[in-house]
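Engineer: Before I ask anything, here is the structure I am working with.
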Amino acid sequence: METNQEVLFARTLEEVKRQAKEQQNCISEQQVRDAFEQLHLSEEQFGLVFDYLKKHKIGIDEPVNLDEYLSDEEMDYLEEYKKELAMLEEVSEGEKEATILSAMAGERDAQKKLISLYLPQVVEVSKLYSGQGVFLEDLIGEGNVALSMGVAMLGCLEHAKEAEGMLMKMIMDAMENCINENMQEADKDQKVVDRVNKVADKARELAAELHRKVTVEELAKESGMSEKTVREAMRMSGFAIEDLEG
């Protein structure tokens, strides 16, 4: 595919993933084909798309069992958490709509009740994002915070039927942001480790040549790194680089 087609393909794939998540992580084969209609994909390419979606826990024409993707630790946590949720009040669709309308009108008791009604759905949404570096408990925590914020913002809607879509979007966005922040932090931590290891390796090589510990100035001169870089690596290591004088 040409560059502009590659961009369109990537964008369409993200849209398909998003649509599937909004449909309980399930999408029909026809919906996928319709989404990629402009790109005129071959059957082989569609096969790759379907494989990709399945690897991302998205069911084609029928939902997948998301519990199968959870770790034993997450399953244990979920079992305990669901015991707490089981004590929450269940309501009919009519009562739920009435609660939404009252929450939209700013009634605090209705807003609190609506939060409790949607807590189980936060759990189900969290399963969509499991296995991406963030523990399920943290995802649920982020989702619950977003739910609380969303319920307080329902007054901006015109119709009660729009409420669930808005709340689910806020919950999903919160979990995705949590995962992205975790990935950025992990990337930052890895860069720190790489920098310390580089300085430690250079210090070890030079110390082996000189048969003694080396100074920051010596290492900077011989390695081409700045003294600032060397000192920063020492600090980040907790001054634990053995072959470098503190």
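Letters for chains follow the order of the structure tokens (A, B, ...), residue numbers begin at 1 for each chain, and ligand numbers begin at 1 in the order shown.
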For A:Glu89, please output as an MDAnalysis selection string all residues within 12 Å (counting only C-alpha atoms; exclusion window: fewer than 4 positions along the same chain).
Structural biologist: chainID A and resid 84:85 95:96 113:120
Engineer: Would you list the contacts of A:Val199 as a ChimeraX atom specification, taking every protein, DNA or RNA residue within 12 Å and counting only C-alpha atoms, but skipping same-chain residues closer than 5 positions in sequence?
Structural biologist: /A:192-194,204-207,214-216,219-220,222-237,239-244
Engineer: Write to file, as an mmCIF file, in the first residue's frame, the residues of the selection just made, with C-alpha atoms.
Structural biologist:
data_model
loop_
_atom_site.group_PDB
_atom_site.id
_atom_site.type_symbol
_atom_site.label_atom_id
_atom_site.label_comp_id
_atom_site.auth_asym_id
_atom_site.auth_seq_id
_atom_site.Cartn_x
_atom_site.Cartn_y
_atom_site.Cartn_z
ATOM 1 C CA VAL A 192 17.323 5.612 32.453
ATOM 2 C CA VAL A 193 18.493 1.991 32.773
ATOM 3 C CA ASP A 194 20.103 2.120 29.326
ATOM 4 C CA ARG A 204 34.404 -0.825 33.416
ATOM 5 C CA GLU A 205 36.355 -0.843 30.130
ATOM 6 C CA LEU A 206 38.461 2.157 31.080
ATOM 7 C CA ALA A 207 39.039 0.884 34.617
ATOM 8 C CA VAL A 214 38.282 6.153 36.968
ATOM 9 C CA THR A 215 37.176 9.717 37.537
ATOM 10 C CA VAL A 216 34.222 11.432 35.931
ATOM 11 C CA LEU A 219 35.550 8.811 31.602
ATOM 12 C CA ALA A 220 34.021 11.844 29.892
ATOM 13 C CA GLU A 222 37.779 8.911 26.855
ATOM 14 C CA SER A 223 34.143 8.048 26.065
ATOM 15 C CA GLY A 224 33.080 11.283 24.365
ATOM 16 C CA MET A 225 30.201 11.686 26.823
ATOM 17 C CA SER A 226 29.803 14.954 28.694
ATOM 18 C CA GLU A 227 30.671 15.167 32.381
ATOM 19 C CA LYS A 228 27.051 16.146 33.014
ATOM 20 C CA THR A 229 25.830 12.901 31.394
ATOM 21 C CA VAL A 230 28.253 10.818 33.469
ATOM 22 C CA ARG A 231 27.334 12.554 36.728
ATOM 23 C CA GLU A 232 23.614 12.216 35.978
ATOM 24 C CA ALA A 233 24.056 8.465 35.365
ATOM 25 C CA MET A 234 25.900 8.191 38.692
ATOM 26 C CA ARG A 235 23.068 9.967 40.475
ATOM 27 C CA MET A 236 20.376 7.829 38.795
ATOM 28 C CA SER A 237 22.242 4.665 39.823
ATOM 29 C CA PHE A 239 26.150 6.225 43.057
ATOM 30 C CA ALA A 240 26.465 2.473 42.634
ATOM 31 C CA ILE A 241 28.677 2.337 39.508
ATOM 32 C CA GLU A 242 31.597 0.376 40.991
ATOM 33 C CA ASP A 243 34.369 1.446 38.609
ATOM 34 C CA LEU A 244 33.610 5.152 38.824
#
Engineer: Counting only C-alpha atoms, figure out which residue out of A:Glu245, A:Asp67, A:Asp173, A:Asp76 gets nearest to A:Ala200.
Structural biologist: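 For A:Ala200, the nearest of the candidates is A:Glu245.
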Engineer: Rank A:Met149, A:Ser92, A:Glu37, A:Glu68 by their smallest atom-to-atom distance to A:Lys112, using only C-alpha atoms, and report the top residue only.
Structural biologist: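 Comparing A:Met149, A:Ser92, A:Glu37, A:Glu68 against A:Lys112, the winner is A:Met149.
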Engineer: Which residue is closest to A:Gly165? Choose from A:Ile58, A:Ala103, A:Leu88, A:Leu147 and count only C-alpha atoms.
Structural biologist: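 Closest to A:Gly165, using only C-alpha atoms: A:Leu147.
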Engineer: Which residues of stretch 160-224 of chain A come within 12 Å of stretch 10-32 of chain A, and what is each one's closest atom pair and distance in Å (one decimal), counting only C-alpha atoms, sorted by chain and residue number, as JSON lines?
Structural biologist:
{"residue": "A:Glu164", "atom": "CA", "partner": "A:Glu22", "partner_atom": "CA", "distance": 10.7}
{"residue": "A:Gly165", "atom": "CA", "partner": "A:Glu22", "partner_atom": "CA", "distance": 8.3}
{"residue": "A:Met166", "atom": "CA", "partner": "A:Glu22", "partner_atom": "CA", "distance": 10.9}
{"residue": "A:Leu167", "atom": "CA", "partner": "A:Glu22", "partner_atom": "CA", "distance": 11.3}
{"residue": "A:Met168", "atom": "CA", "partner": "A:Glu22", "partner_atom": "CA", "distance": 7.8}
{"residue": "A:Lys169", "atom": "CA", "partner": "A:Glu22", "partner_atom": "CA", "distance": 8.1}
{"residue": "A:Met170", "atom": "CA", "partner": "A:Glu22", "partner_atom": "CA", "distance": 11.6}
{"residue": "A:Ile171", "atom": "CA", "partner": "A:Glu22", "partner_atom": "CA", "distance": 11.1}
{"residue": "A:Met172", "atom": "CA", "partner": "A:Lys21", "partner_atom": "CA", "distance": 8.7}
{"residue": "A:Asp173", "atom": "CA", "partner": "A:Arg18", "partner_atom": "CA", "distance": 10.7}
{"residue": "A:Glu176", "atom": "CA", "partner": "A:Arg18", "partner_atom": "CA", "distance": 11.2}
Engineer: Based on DSSP run over this structure's backbone, return all residues of stretch 17-148 of chain A in helix (DSSP H, G or I), as an NGL selection string.
Structural biologist: :A and (17-22 or 29-35 or 37-39 or 43-55 or 66-69 or 72-85 or 93-104 or 108-128 or 136-148)
Engineer: Which of these residues is nearest to A:Ser102, using only C-alpha atoms: A:Ala152, A:Ala203, A:Cys178, A:Val123?
Structural biologist: A:Ala152
Engineer: What separation in Å, quoted to one decimal, exists between atom CA of A:Lys82 and atom CA of A:Lys55?
Structural biologist: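 Going from atom CA of A:Lys82 over to atom CA of A:Lys55 covers 26.6 Å.
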Engineer: Run DSSP on the backbone and grab whatever in stretch 8-233 of chain A lands in strand (DSSP E); send it over as a list in words.
Structural biologist: Cys26, Ile27, Gly59 and Ile60 of chain A
Engineer: Any idea what's packed within 12 Å of A:Glu74, counting only C-alpha atoms, ignoring anything in its chain fewer than 2 positions away? Could you give it as an NGL selection string?
Structural biologist: :A and (66-72 or 76-82 or 123 or 126-127 or 130-131 or 134-140)
Engineer: Between atom CA of A:Val7 and atom CA of A:Val125, what is the spacing in Å?
Structural biologist: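 Spanning atom CA of A:Val125 to atom CA of A:Val7 is a straight-line distance of 27.9 Å.
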Engineer: Tell me, as a PDB file with N, CA and C atoms, in the first residue's frame, which residues lie within 12 Å of A:Gly155, counting only C-alpha atoms; anything in the same chain fewer than 5 positions away does not count.
Structural biologist:
ATOM      1  N   ILE A 100     -31.455   8.139  35.555  1.00  0.00           N
ATOM      2  CA  ILE A 100     -30.621   8.950  34.646  1.00  0.00           C
ATOM      3  C   ILE A 100     -31.206  10.351  34.508  1.00  0.00           C
ATOM      4  N   LEU A 101     -32.509  10.429  34.313  1.00  0.00           N
ATOM      5  CA  LEU A 101     -33.172  11.731  34.159  1.00  0.00           C
ATOM      6  C   LEU A 101     -32.996  12.589  35.417  1.00  0.00           C
ATOM      7  N   SER A 102     -33.123  11.960  36.575  1.00  0.00           N
ATOM      8  CA  SER A 102     -32.946  12.696  37.826  1.00  0.00           C
ATOM      9  C   SER A 102     -31.494  13.145  37.988  1.00  0.00           C
ATOM     10  N   ALA A 103     -30.567  12.273  37.573  1.00  0.00           N
ATOM     11  CA  ALA A 103     -29.143  12.626  37.645  1.00  0.00           C
ATOM     12  C   ALA A 103     -28.833  13.787  36.707  1.00  0.00           C
ATOM     13  N   MET A 104     -29.451  13.760  35.527  1.00  0.00           N
ATOM     14  CA  MET A 104     -29.272  14.854  34.569  1.00  0.00           C
ATOM     15  C   MET A 104     -29.784  16.175  35.135  1.00  0.00           C
ATOM     16  N   ALA A 105     -30.797  16.080  35.986  1.00  0.00           N
ATOM     17  CA  ALA A 105     -31.378  17.274  36.602  1.00  0.00           C
ATOM     18  C   ALA A 105     -30.551  17.759  37.790  1.00  0.00           C
ATOM     19  N   GLY A 106     -29.485  17.006  38.114  1.00  0.00           N
ATOM     20  CA  GLY A 106     -28.585  17.439  39.180  1.00  0.00           C
ATOM     21  C   GLY A 106     -28.889  16.888  40.551  1.00  0.00           C
ATOM     22  N   GLU A 107     -29.802  15.926  40.665  1.00  0.00           N
ATOM     23  CA  GLU A 107     -30.135  15.356  41.968  1.00  0.00           C
ATOM     24  C   GLU A 107     -28.987  14.467  42.454  1.00  0.00           C
ATOM     25  N   ARG A 108     -28.401  14.813  43.584  1.00  0.00           N
ATOM     26  CA  ARG A 108     -27.210  14.130  44.082  1.00  0.00           C
ATOM     27  C   ARG A 108     -27.465  12.659  44.417  1.00  0.00           C
ATOM     28  N   GLN A 111     -27.539  10.692  41.291  1.00  0.00           N
ATOM     29  CA  GLN A 111     -26.193  10.552  40.730  1.00  0.00           C
ATOM     30  C   GLN A 111     -25.422   9.442  41.447  1.00  0.00           C
ATOM     31  N   MET A 149     -17.096  11.231  37.626  1.00  0.00           N
ATOM     32  CA  MET A 149     -17.011  12.526  36.966  1.00  0.00           C
ATOM     33  C   MET A 149     -18.087  12.645  35.890  1.00  0.00           C
ATOM     34  N   GLY A 150     -18.274  11.562  35.141  1.00  0.00           N
ATOM     35  CA  GLY A 150     -19.242  11.580  34.048  1.00  0.00           C
ATOM     36  C   GLY A 150     -20.665  11.779  34.515  1.00  0.00           C
ATOM     37  N   ALA A 160     -31.857  11.200  27.730  1.00  0.00           N
ATOM     38  CA  ALA A 160     -31.358  10.176  28.647  1.00  0.00           C
ATOM     39  C   ALA A 160     -30.641   9.048  27.907  1.00  0.00           C
ATOM     40  N   GLU A 162     -28.599   9.183  25.649  1.00  0.00           N
ATOM     41  CA  GLU A 162     -27.214   9.524  25.330  1.00  0.00           C
ATOM     42  C   GLU A 162     -26.278   9.269  26.505  1.00  0.00           C
ATOM     43  N   ALA A 163     -26.844   9.071  27.702  1.00  0.00           N
ATOM     44  CA  ALA A 163     -26.048   8.986  28.924  1.00  0.00           C
ATOM     45  C   ALA A 163     -25.071   7.809  28.915  1.00  0.00           C
ATOM     46  N   MET A 166     -22.059   8.270  26.652  1.00  0.00           N
ATOM     47  CA  MET A 166     -21.122   9.251  27.198  1.00  0.00           C
ATOM     48  C   MET A 166     -20.303   8.648  28.346  1.00  0.00           C
TER      49      MET A 166
END
Engineer: A:Leu154, A:Ala208, A:Lys202, A:Gly141: which is nearest A:Lys221, counting only C-alpha atoms?
Structural biologist: A:Lys202
Engineer: Considering only C-alpha atoms, state which residue in the set A:Asn4, A:Val151, A:Glu97, A:Met75 is at the smallest distance from A:Asp109.
Structural biologist: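 Selected residue with least distance to A:Asp109: A:Val151.
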